[in-house]
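Raw final.cif, mmCIF, C-alpha atoms:
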data_input
loop_
_atom_site.group_PDB
_atom_site.id
_atom_site.type_symbol
_atom_site.label_atom_id
_atom_site.label_comp_id
_atom_site.auth_asym_id
_atom_site.auth_seq_id
_atom_site.Cartn_x
_atom_site.Cartn_y
_atom_site.Cartn_z
ATOM 1 C CA GLN A 265 -1.171 -20.798 -23.283
ATOM 2 C CA VAL A 266 2.028 -18.863 -22.728
ATOM 3 C CA GLN A 267 3.719 -19.436 -19.395
ATOM 4 C CA LEU A 268 6.163 -16.998 -17.818
ATOM 5 C CA VAL A 269 8.398 -18.030 -14.929
ATOM 6 C CA GLU A 270 10.557 -15.426 -13.232
ATOM 7 C CA SER A 271 13.519 -16.230 -10.993
ATOM 8 C CA GLY A 272 16.707 -14.760 -9.605
ATOM 9 C CA GLY A 273 15.416 -12.351 -7.005
ATOM 10 C CA GLY A 274 16.646 -12.151 -3.460
ATOM 11 C CA LEU A 275 17.930 -9.962 -0.667
ATOM 12 C CA VAL A 276 20.907 -7.768 -1.490
ATOM 13 C CA GLN A 277 22.606 -4.786 0.099
ATOM 14 C CA ALA A 278 22.487 -1.387 -1.518
ATOM 15 C CA GLY A 279 25.077 -1.172 -4.260
ATOM 16 C CA GLY A 280 24.826 -4.856 -5.014
ATOM 17 C CA SER A 281 23.711 -6.698 -8.135
ATOM 18 C CA LEU A 282 21.191 -9.316 -9.157
ATOM 19 C CA ARG A 283 20.374 -11.023 -12.425
ATOM 20 C CA LEU A 284 16.759 -11.910 -13.050
ATOM 21 C CA SER A 285 15.615 -14.539 -15.524
ATOM 22 C CA CYS A 286 12.279 -15.109 -17.208
ATOM 23 C CA ALA A 287 11.684 -18.451 -18.866
ATOM 24 C CA ALA A 288 8.878 -18.366 -21.393
ATOM 25 C CA SER A 289 7.077 -21.087 -23.281
ATOM 26 C CA GLY A 290 6.964 -20.970 -27.043
ATOM 27 C CA SER A 291 8.749 -18.363 -29.133
ATOM 28 C CA ILE A 292 7.359 -15.295 -27.455
ATOM 29 C CA VAL A 293 10.739 -14.024 -26.297
ATOM 30 C CA ARG A 294 12.183 -14.177 -29.813
ATOM 31 C CA LEU A 295 9.173 -12.762 -31.627
ATOM 32 C CA SER A 296 7.862 -10.085 -29.279
ATOM 33 C CA THR A 297 8.851 -6.888 -27.600
ATOM 34 C CA MET A 298 9.459 -8.119 -24.072
ATOM 35 C CA GLY A 299 9.539 -6.142 -20.879
ATOM 36 C CA TRP A 300 10.393 -6.281 -17.214
ATOM 37 C CA TYR A 301 7.872 -4.773 -14.850
ATOM 38 C CA ARG A 302 7.992 -4.169 -11.130
ATOM 39 C CA GLN A 303 5.445 -3.587 -8.436
ATOM 40 C CA ALA A 304 6.232 -2.248 -4.996
ATOM 41 C CA PRO A 305 3.675 -2.557 -2.159
ATOM 42 C CA GLY A 306 0.855 -0.088 -2.639
ATOM 43 C CA ASN A 307 2.033 0.866 -6.111
ATOM 44 C CA GLN A 308 0.931 -0.040 -9.598
ATOM 45 C CA ARG A 309 2.921 -2.401 -11.800
ATOM 46 C CA ASP A 310 5.258 -0.352 -13.970
ATOM 47 C CA LEU A 311 7.400 -1.170 -16.966
ATOM 48 C CA VAL A 312 11.083 -0.595 -16.227
ATOM 49 C CA ALA A 313 12.813 -2.026 -19.300
ATOM 50 C CA ARG A 314 11.929 -3.462 -22.665
ATOM 51 C CA ILE A 315 13.650 -5.032 -25.632
ATOM 52 C CA THR A 316 12.254 -5.269 -29.127
ATOM 53 C CA ALA A 317 12.469 -8.299 -31.387
ATOM 54 C CA GLY A 318 15.191 -6.407 -33.220
ATOM 55 C CA GLY A 319 17.196 -5.892 -30.058
ATOM 56 C CA SER A 320 16.533 -2.233 -29.335
ATOM 57 C CA THR A 321 16.232 -1.447 -25.656
ATOM 58 C CA ASP A 322 14.900 1.330 -23.522
ATOM 59 C CA TYR A 323 14.546 1.953 -19.822
ATOM 60 C CA THR A 324 12.625 4.060 -17.410
ATOM 61 C CA ASP A 325 14.723 6.969 -16.204
ATOM 62 C CA SER A 326 15.194 5.640 -12.674
ATOM 63 C CA VAL A 327 17.076 2.540 -13.883
ATOM 64 C CA LYS A 328 18.990 3.910 -16.865
ATOM 65 C CA GLY A 329 22.682 3.131 -16.623
ATOM 66 C CA ARG A 330 22.097 0.550 -13.885
ATOM 67 C CA PHE A 331 19.835 -2.115 -15.445
ATOM 68 C CA THR A 332 20.432 -4.056 -18.651
ATOM 69 C CA ILE A 333 17.759 -6.096 -20.395
ATOM 70 C CA SER A 334 18.766 -8.922 -22.717
ATOM 71 C CA ARG A 335 17.456 -12.179 -24.056
ATOM 72 C CA ASP A 336 18.570 -15.587 -25.267
ATOM 73 C CA ASN A 337 16.328 -16.561 -28.164
ATOM 74 C CA ALA A 338 17.562 -20.147 -28.229
ATOM 75 C CA LYS A 339 16.544 -20.571 -24.592
ATOM 76 C CA ASN A 340 13.370 -18.472 -24.814
ATOM 77 C CA THR A 341 14.670 -16.591 -21.816
ATOM 78 C CA LEU A 342 14.655 -12.921 -20.906
ATOM 79 C CA TYR A 343 17.158 -11.419 -18.483
ATOM 80 C CA LEU A 344 17.516 -8.312 -16.390
ATOM 81 C CA GLN A 345 20.947 -7.471 -15.024
ATOM 82 C CA MET A 346 20.533 -5.064 -12.139
ATOM 83 C CA ASP A 347 23.563 -3.223 -10.793
ATOM 84 C CA SER A 348 24.027 -0.472 -8.216
ATOM 85 C CA LEU A 349 20.785 -1.445 -6.573
ATOM 86 C CA THR A 350 19.099 0.944 -4.171
ATOM 87 C CA PRO A 351 16.301 0.393 -1.631
ATOM 88 C CA GLU A 352 13.960 2.111 -4.110
ATOM 89 C CA ASP A 353 14.390 -0.895 -6.412
ATOM 90 C CA THR A 354 12.680 -3.142 -3.873
ATOM 91 C CA ALA A 355 9.666 -4.710 -5.569
ATOM 92 C CA VAL A 356 8.295 -7.854 -7.138
ATOM 93 C CA TYR A 357 9.609 -8.100 -10.682
ATOM 94 C CA TYR A 358 7.616 -9.621 -13.531
ATOM 95 C CA CYS A 359 8.139 -10.219 -17.227
ATOM 96 C CA ASN A 360 5.594 -9.982 -20.006
ATOM 97 C CA THR A 361 5.339 -8.608 -23.477
ATOM 98 C CA ALA A 362 5.354 -4.826 -23.741
ATOM 99 C CA PRO A 363 2.505 -3.913 -23.784
ATOM 100 C CA PRO A 364 1.490 -6.867 -21.579
ATOM 101 C CA TYR A 365 -0.555 -9.125 -23.845
ATOM 102 C CA VAL A 366 -0.027 -12.339 -21.866
ATOM 103 C CA ARG A 367 -3.037 -12.481 -19.583
ATOM 104 C CA SER A 368 -1.571 -14.882 -17.043
ATOM 105 C CA TRP A 369 1.315 -13.157 -15.336
ATOM 106 C CA GLY A 370 3.969 -15.265 -13.683
ATOM 107 C CA GLN A 371 4.400 -15.341 -9.942
ATOM 108 C CA GLY A 372 7.136 -12.745 -10.104
ATOM 109 C CA THR A 373 10.394 -12.692 -8.206
ATOM 110 C CA GLN A 374 10.948 -10.617 -5.094
ATOM 111 C CA VAL A 375 13.873 -8.212 -5.008
ATOM 112 C CA THR A 376 14.667 -6.657 -1.659
ATOM 113 C CA VAL A 377 17.468 -4.123 -1.309
ATOM 114 C CA SER A 378 18.594 -3.251 2.188
ATOM 115 C CA SER A 379 20.215 0.070 3.051
#
Take the structure I supplied and represent it as structure tokens, if you would.
Amino acid sequence: QVQLVESGGGLVQAGGSLRLSCAASGSIVRLSTMGWYRQAPGNQRDLVARITAGGSTDYTDSVKGRFTISRDNAKNTLYLQMDSLTPEDTAVYYCNTAPPYVRSWGQGTQVTVSS
């Protein structure tokens, strides 16, 4: 069973940066289109960035130019570099394939941006 473990969240002031990591078991990061999702209180879980097995990336409009998704195939790890953070980015961030085929989501990592 694939396991996903997110880390790197925290409390940061507006304009600051964070780098999230997602450690995955097996070769899922290398072989799959992977994505970062986020869920704010009272909201649904939305995809914010994804990267294909070939390395193509795309982002939801609200994070374009500020977030960068990448991966290290040798480490089976997915990353999300988040710059110029705003309070609207506050959420729990998760990784999964895109679409999300892994049934057991990780615990997520909390990102809180203060104004």
Which residues are near segment 269-278 of chain A? Cut-off 12 Å, only C-alpha atoms, ignore same chain within fewer than 5 positions. Put them as number ranges by chain. A: 283-289, 300-302, 340-360, 368-379
Deliver the residues from the most recent selection as a file, using C-alpha atoms, as a CSV table (one decimal), in the frame of the given file.
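So the final result, stored in result.csv, reads:
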chain,number,residue,atom,x,y,z
A,283,ARG,CA,20.4,-11.0,-12.4
A,284,LEU,CA,16.8,-11.9,-13.0
A,285,SER,CA,15.6,-14.5,-15.5
A,286,CYS,CA,12.3,-15.1,-17.2
A,287,ALA,CA,11.7,-18.5,-18.9
A,288,ALA,CA,8.9,-18.4,-21.4
A,289,SER,CA,7.1,-21.1,-23.3
A,300,TRP,CA,10.4,-6.3,-17.2
A,301,TYR,CA,7.9,-4.8,-14.8
A,302,ARG,CA,8.0,-4.2,-11.1
A,340,ASN,CA,13.4,-18.5,-24.8
A,341,THR,CA,14.7,-16.6,-21.8
A,342,LEU,CA,14.7,-12.9,-20.9
A,343,TYR,CA,17.2,-11.4,-18.5
A,344,LEU,CA,17.5,-8.3,-16.4
A,345,GLN,CA,20.9,-7.5,-15.0
A,346,MET,CA,20.5,-5.1,-12.1
A,347,ASP,CA,23.6,-3.2,-10.8
A,348,SER,CA,24.0,-0.5,-8.2
A,349,LEU,CA,20.8,-1.4,-6.6
A,350,THR,CA,19.1,0.9,-4.2
A,351,PRO,CA,16.3,0.4,-1.6
A,352,GLU,CA,14.0,2.1,-4.1
A,353,ASP,CA,14.4,-0.9,-6.4
A,354,THR,CA,12.7,-3.1,-3.9
A,355,ALA,CA,9.7,-4.7,-5.6
A,356,VAL,CA,8.3,-7.9,-7.1
A,357,TYR,CA,9.6,-8.1,-10.7
A,358,TYR,CA,7.6,-9.6,-13.5
A,359,CYS,CA,8.1,-10.2,-17.2
A,360,ASN,CA,5.6,-10.0,-20.0
A,368,SER,CA,-1.6,-14.9,-17.0
A,369,TRP,CA,1.3,-13.2,-15.3
A,370,GLY,CA,4.0,-15.3,-13.7
A,371,GLN,CA,4.4,-15.3,-9.9
A,372,GLY,CA,7.1,-12.7,-10.1
A,373,THR,CA,10.4,-12.7,-8.2
A,374,GLN,CA,10.9,-10.6,-5.1
A,375,VAL,CA,13.9,-8.2,-5.0
A,376,THR,CA,14.7,-6.7,-1.7
A,377,VAL,CA,17.5,-4.1,-1.3
A,378,SER,CA,18.6,-3.3,2.2
A,379,SER,CA,20.2,0.1,3.1
Could you tell me which of A:Ala338, A:Gly279, A:Gln267, A:Ala313 comes closest to Thr297 of chain A if we count all atoms listed in the file? A:Ala313
Contacts of segment 314-324 of chain A at 8 Å (all atoms listed in the file; same-chain gap of 6+ positions) as JSON, numbers by chain: {"A": [293, 294, 295, 296, 297, 298, 299, 300, 331, 333, 334, 362]}
Interatomic distance (Å, one decimal) between atom CA of Gly306 of chain A and atom CA of Val266 of chain A: 27.5 Å
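What separates atom CA of Tyr365 of chain A from atom CA of Lys328 of chain A is a distance of 24.5 Å.
Atom CA of Asp310 of chain A is found 10.8 Å from atom CA of Pro363 of chain A.
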Taking every listed atom of segment 276-290 of chain A and adding 8 Å to each side, what centre and edge lengths in Å (one decimal) does the axis-aligned box have, as AutoDock Vina command-line options?
--center_x 16.0 --center_y -11.1 --center_z -13.5 --size_x 34.1 --size_y 35.9 --size_z 43.1
